[in-house]
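Here's the structure, in structure tokens; my notes come after.
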Amino acid sequence: MRILVVEDEKKVSSFIKRGLEEEKYEVDTAFDGEEGLKMALDRPYEVVILDWMLPKQDGLSVLKELRAQKRSTPVLMLTAKDTVEDIVAGLDSGSDDYLTKPFAFAELLARVRALLRRSEMDRGAELRFADLRIDPVTHKVWRGDKEIDLTAKEYALLEYFMRNPNQVLTRTMIADHVWDYTFDSFTNIIDVYVNYLRKKIDREADKKLIHTVRGVGYILKEED
């Protein structure tokens with residue numbers, strides 16, 4: 001699950017990012033409205049946490065533009081504006097939830113999970129391929145009846161495979177979805193993590209699911 005945090009207060013942004021990463025979410029950050037809008041339009045996110053008072057472009061106009069562009073990504077507005085009129089304005093502009101500052105991280109996390117559950121209910125919650133299952137809300141993974149413990153990056157990589165089964169995923173595609181904007185696609189880190197994932201998912205299984213497409217990338221498929 002990849003989350004975008006658009007927050008100009010860097011201490012607050014760092015606090016949210018660190019907390020979400022500890023919960024095994026992938027997190028990108030932007031520090032002004034223009035950058036946040038560009039990132040939200042350029043790549044898919046499961047949730048956007050959007051501050052209202054932002055430099056260059058305020059959060060409300062960012063939200064309106066996202067909805068005008070037919071982006072249905074769940075948006076949690078995060079702001080010090082706490083009047084009924086402000087809350088109504090945020091919700092009417094297309095936000096899915098509204099959290100006022102100061103806030104407890106536990107409440108923010110609960111609201112993010114609620115938005116993810118709502119989104120996953122629309123998409124069919126648990127993902128299955130062969131005897132492999134993942135729960136996108138709890139981040140639990142099973143191969144058959146055995147639960148498998150994955151790191152945050154391994155889980156993000158597996159979820160990307162699970163949402164795109166039987167499709168060849170190039171290293172560029174994987175880098176763009178699983179890693180962040182600063183990722184150096186010329187390193188072999190993707191191959192390293194695919195190898196980690198294989199050891200946990202395939203090593204003890206009769207049927208291998210993660211396959212190399214030589215010179216291109218990888219594919220999740222059942223063996224012929």
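All residue names refer to the structure tokens as shown: chains lettered A, B, ... in order, residues numbered from 1 in each chain, ligands numbered from 1 in order.
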Item to check | Neighbour list for stretch 126-140 of chain A as JSON, numbers by chain, cut-off 12 Å, only C-alpha atoms, skip fewer than 2 positions in-chain | outcome: {"A": [1, 2, 23, 24, 25, 26, 46, 109, 110, 112, 113, 114, 115, 116, 117, 118, 119, 120, 121, 122, 123, 124, 142, 143, 144, 145, 146, 147, 148, 149, 150, 151, 152, 153, 154, 155, 156, 157, 158, 159, 160, 161, 162, 163, 164, 165, 166, 200, 201, 202, 205, 206, 207, 208, 209, 210, 220, 221, 222, 223]}
Item to check | Contact residues around A:Arg111 with only C-alpha atoms at 10 Å, ignoring same-chain residues under 6 positions, as JSON, numbers by chain | outcome: {"A": [76, 96, 97, 98, 99, 105, 117]}
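Distance check against A:Trp179 using only C-alpha atoms: of A:Asp28, A:Glu21, A:Glu7, A:Glu34, the minimum falls on A:Asp28.
Of the residues under consideration (A:Val194, A:Val5, A:Val84, A:Leu66), A:Val5 shows the shortest atom-to-atom contact distance to A:Leu108 when counting only C-alpha atoms.
The coordinates place atom CA of A:Val12 at 13.0 Å from atom CA of A:Thr100.
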Next on the checklist: From a backbone DSSP assignment, name each residue in chain A labelled helix (DSSP H, G or I), as JSON, numbers by chain.
Outcome noted: {"A": [10, 11, 12, 13, 14, 15, 16, 17, 18, 19, 20, 21, 22, 33, 34, 35, 36, 37, 38, 39, 40, 41, 42, 59, 60, 61, 62, 63, 64, 65, 66, 67, 68, 84, 85, 86, 87, 88, 89, 90, 91, 92, 105, 106, 107, 108, 109, 110, 111, 112, 113, 114, 115, 116, 117, 118, 119, 120, 121, 122, 123, 152, 153, 154, 155, 156, 157, 158, 159, 160, 161, 162, 163, 171, 172, 173, 174, 175, 176, 177, 178, 189, 190, 191, 192, 193, 194, 195, 196, 197, 198, 199, 200, 201]}
Checklist entry - Interatomic distance between atom CA of A:Phe31 and atom CA of A:Lys56? => result 9.7 Å
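Taking only C-alpha atoms into account, A:Ala89 lies nearest to A:Leu63 out of the set A:Ala30, A:Ala68, A:Leu54, A:Leu63.
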Excluding A:Trp52 and its own-chain neighbours fewer than 4 positions away, which residues fall within 10 Å of it when counting only C-alpha atoms? Please give them as a CSV table (one decimal) with all heavy atoms, in the first residue's frame.
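What follows is the written file result22.csv:
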chain,number,residue,atom,x,y,z
A,6,VAL,N,1.0,15.0,1.9
A,6,VAL,CA,1.3,16.3,1.4
A,6,VAL,C,1.2,17.3,2.6
A,6,VAL,O,0.1,17.6,3.0
A,6,VAL,CB,0.3,16.7,0.3
A,6,VAL,CG1,0.8,18.1,-0.3
A,6,VAL,CG2,0.3,15.6,-0.8
A,7,GLU,N,2.3,17.6,3.1
A,7,GLU,CA,2.4,18.4,4.4
A,7,GLU,C,3.6,19.3,4.4
A,7,GLU,O,4.7,18.8,4.2
A,7,GLU,CB,2.4,17.5,5.6
A,7,GLU,CG,2.7,18.0,6.9
A,7,GLU,CD,1.8,19.1,7.4
A,7,GLU,OE1,0.6,18.8,7.7
A,7,GLU,OE2,2.2,20.3,7.5
A,8,ASP,N,3.4,20.6,4.5
A,8,ASP,CA,4.6,21.5,4.4
A,8,ASP,C,5.4,21.6,5.7
A,8,ASP,O,6.6,22.0,5.7
A,8,ASP,CB,4.2,22.9,4.0
A,8,ASP,CG,3.3,23.6,5.0
A,8,ASP,OD1,2.4,22.9,5.5
A,8,ASP,OD2,3.4,24.8,5.2
A,33,GLY,N,1.6,22.3,-2.4
A,33,GLY,CA,0.5,21.8,-3.2
A,33,GLY,C,0.7,21.4,-4.6
A,33,GLY,O,0.2,20.4,-5.1
A,57,GLN,N,0.0,26.0,-3.7
A,57,GLN,CA,-1.3,25.7,-4.0
A,57,GLN,C,-2.0,25.0,-2.8
A,57,GLN,O,-1.4,24.1,-2.2
A,57,GLN,CB,-1.4,24.7,-5.2
A,57,GLN,CG,-2.8,24.4,-5.7
A,57,GLN,CD,-2.8,23.6,-7.0
A,57,GLN,OE1,-1.7,23.4,-7.6
A,57,GLN,NE2,-3.9,23.2,-7.4
A,58,ASP,N,-3.1,25.6,-2.3
A,58,ASP,CA,-3.7,25.1,-1.1
A,58,ASP,C,-4.3,23.7,-1.3
A,58,ASP,O,-4.6,23.3,-2.4
A,58,ASP,CB,-4.7,26.1,-0.5
A,58,ASP,CG,-5.9,26.2,-1.3
A,58,ASP,OD1,-6.8,25.4,-1.2
A,58,ASP,OD2,-6.0,27.1,-2.2
A,59,GLY,N,-4.5,23.0,-0.2
A,59,GLY,CA,-4.9,21.6,-0.2
A,59,GLY,C,-6.3,21.5,-0.8
A,59,GLY,O,-6.6,20.5,-1.5
A,60,LEU,N,-7.2,22.5,-0.6
A,60,LEU,CA,-8.6,22.4,-1.1
A,60,LEU,C,-8.6,22.5,-2.6
A,60,LEU,O,-9.3,21.7,-3.3
A,60,LEU,CB,-9.4,23.6,-0.5
A,60,LEU,CG,-10.9,23.3,-0.4
A,60,LEU,CD1,-11.2,22.1,0.4
A,60,LEU,CD2,-11.6,24.6,0.1
A,61,SER,N,-7.7,23.3,-3.2
A,61,SER,CA,-7.7,23.4,-4.6
A,61,SER,C,-7.0,22.2,-5.2
A,61,SER,O,-7.4,21.7,-6.3
A,61,SER,CB,-7.0,24.7,-5.1
A,61,SER,OG,-5.6,24.6,-4.7
A,62,VAL,N,-6.0,21.6,-4.5
A,62,VAL,CA,-5.4,20.3,-4.9
A,62,VAL,C,-6.5,19.2,-5.0
A,62,VAL,O,-6.6,18.5,-6.0
A,62,VAL,CB,-4.3,19.9,-4.0
A,62,VAL,CG1,-3.9,18.5,-4.3
A,62,VAL,CG2,-3.1,20.8,-4.1
A,63,LEU,N,-7.3,19.2,-3.9
A,63,LEU,CA,-8.4,18.2,-3.9
A,63,LEU,C,-9.4,18.3,-5.0
A,63,LEU,O,-9.8,17.4,-5.7
A,63,LEU,CB,-9.1,18.3,-2.5
A,63,LEU,CG,-10.3,17.4,-2.3
A,63,LEU,CD1,-9.9,15.9,-2.4
A,63,LEU,CD2,-10.8,17.6,-0.9
A,77,MET,N,-8.2,14.8,4.7
A,77,MET,CA,-7.7,16.2,4.9
A,77,MET,C,-7.2,16.3,6.3
A,77,MET,O,-7.8,15.9,7.3
A,77,MET,CB,-8.9,17.1,4.7
A,77,MET,CG,-9.4,17.3,3.3
A,77,MET,SD,-8.2,18.1,2.2
A,77,MET,CE,-8.3,19.8,2.8
A,78,LEU,N,-6.0,17.0,6.4
A,78,LEU,CA,-5.4,17.1,7.7
A,78,LEU,C,-5.1,18.6,7.9
A,78,LEU,O,-4.4,19.2,7.1
A,78,LEU,CB,-4.0,16.4,7.7
A,78,LEU,CG,-3.2,16.3,9.0
A,78,LEU,CD1,-4.0,15.5,10.1
A,78,LEU,CD2,-1.9,15.6,8.8
A,79,THR,N,-5.7,19.3,8.9
A,79,THR,CA,-5.7,20.7,9.0
A,79,THR,C,-6.0,21.3,10.4
A,79,THR,O,-6.6,20.6,11.2
A,79,THR,CB,-6.6,21.3,8.0
A,79,THR,OG1,-6.6,22.8,8.1
A,79,THR,CG2,-8.1,20.9,8.2
A,80,ALA,N,-5.5,22.5,10.6
A,80,ALA,CA,-5.9,23.2,11.9
A,80,ALA,C,-7.2,23.8,11.8
A,80,ALA,O,-7.8,24.3,12.8
A,80,ALA,CB,-4.8,24.2,12.2
A,81,LYS,N,-7.8,23.9,10.6
A,81,LYS,CA,-9.2,24.5,10.4
A,81,LYS,C,-10.2,23.5,11.0
A,81,LYS,O,-10.3,22.4,10.5
A,81,LYS,CB,-9.4,24.8,8.9
A,81,LYS,CG,-8.6,25.9,8.3
A,81,LYS,CD,-8.9,26.0,6.8
A,81,LYS,CE,-8.3,27.3,6.3
A,81,LYS,NZ,-8.9,28.5,6.6
A,90,GLY,N,-14.4,21.1,3.2
A,90,GLY,CA,-13.5,20.0,2.8
A,90,GLY,C,-14.2,18.8,2.3
A,90,GLY,O,-13.8,18.2,1.3
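Residues within 9 Å of A:Arg67, counting only C-alpha atoms and excluding same-chain residues fewer than 6 positions away, are Thr73, Ser93 and Gly94 of chain A.
When only C-alpha atoms are used to compute distances to A:Ser72, the closest of the residues A:Ile189, A:Met173, A:Val216, A:Ala40 turns out to be A:Ala40.
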Checklist entry - Hey, what does DSSP flag as strand (DSSP E or B) within chain A? Can you give it to me as a VMD selection string? => result chain A and resid 2 to 6 26 to 30 47 to 51 75 to 79 97 to 100 127 to 129 132 to 135 140 to 143 146 to 148 169 to 170 210 to 213 217 to 220
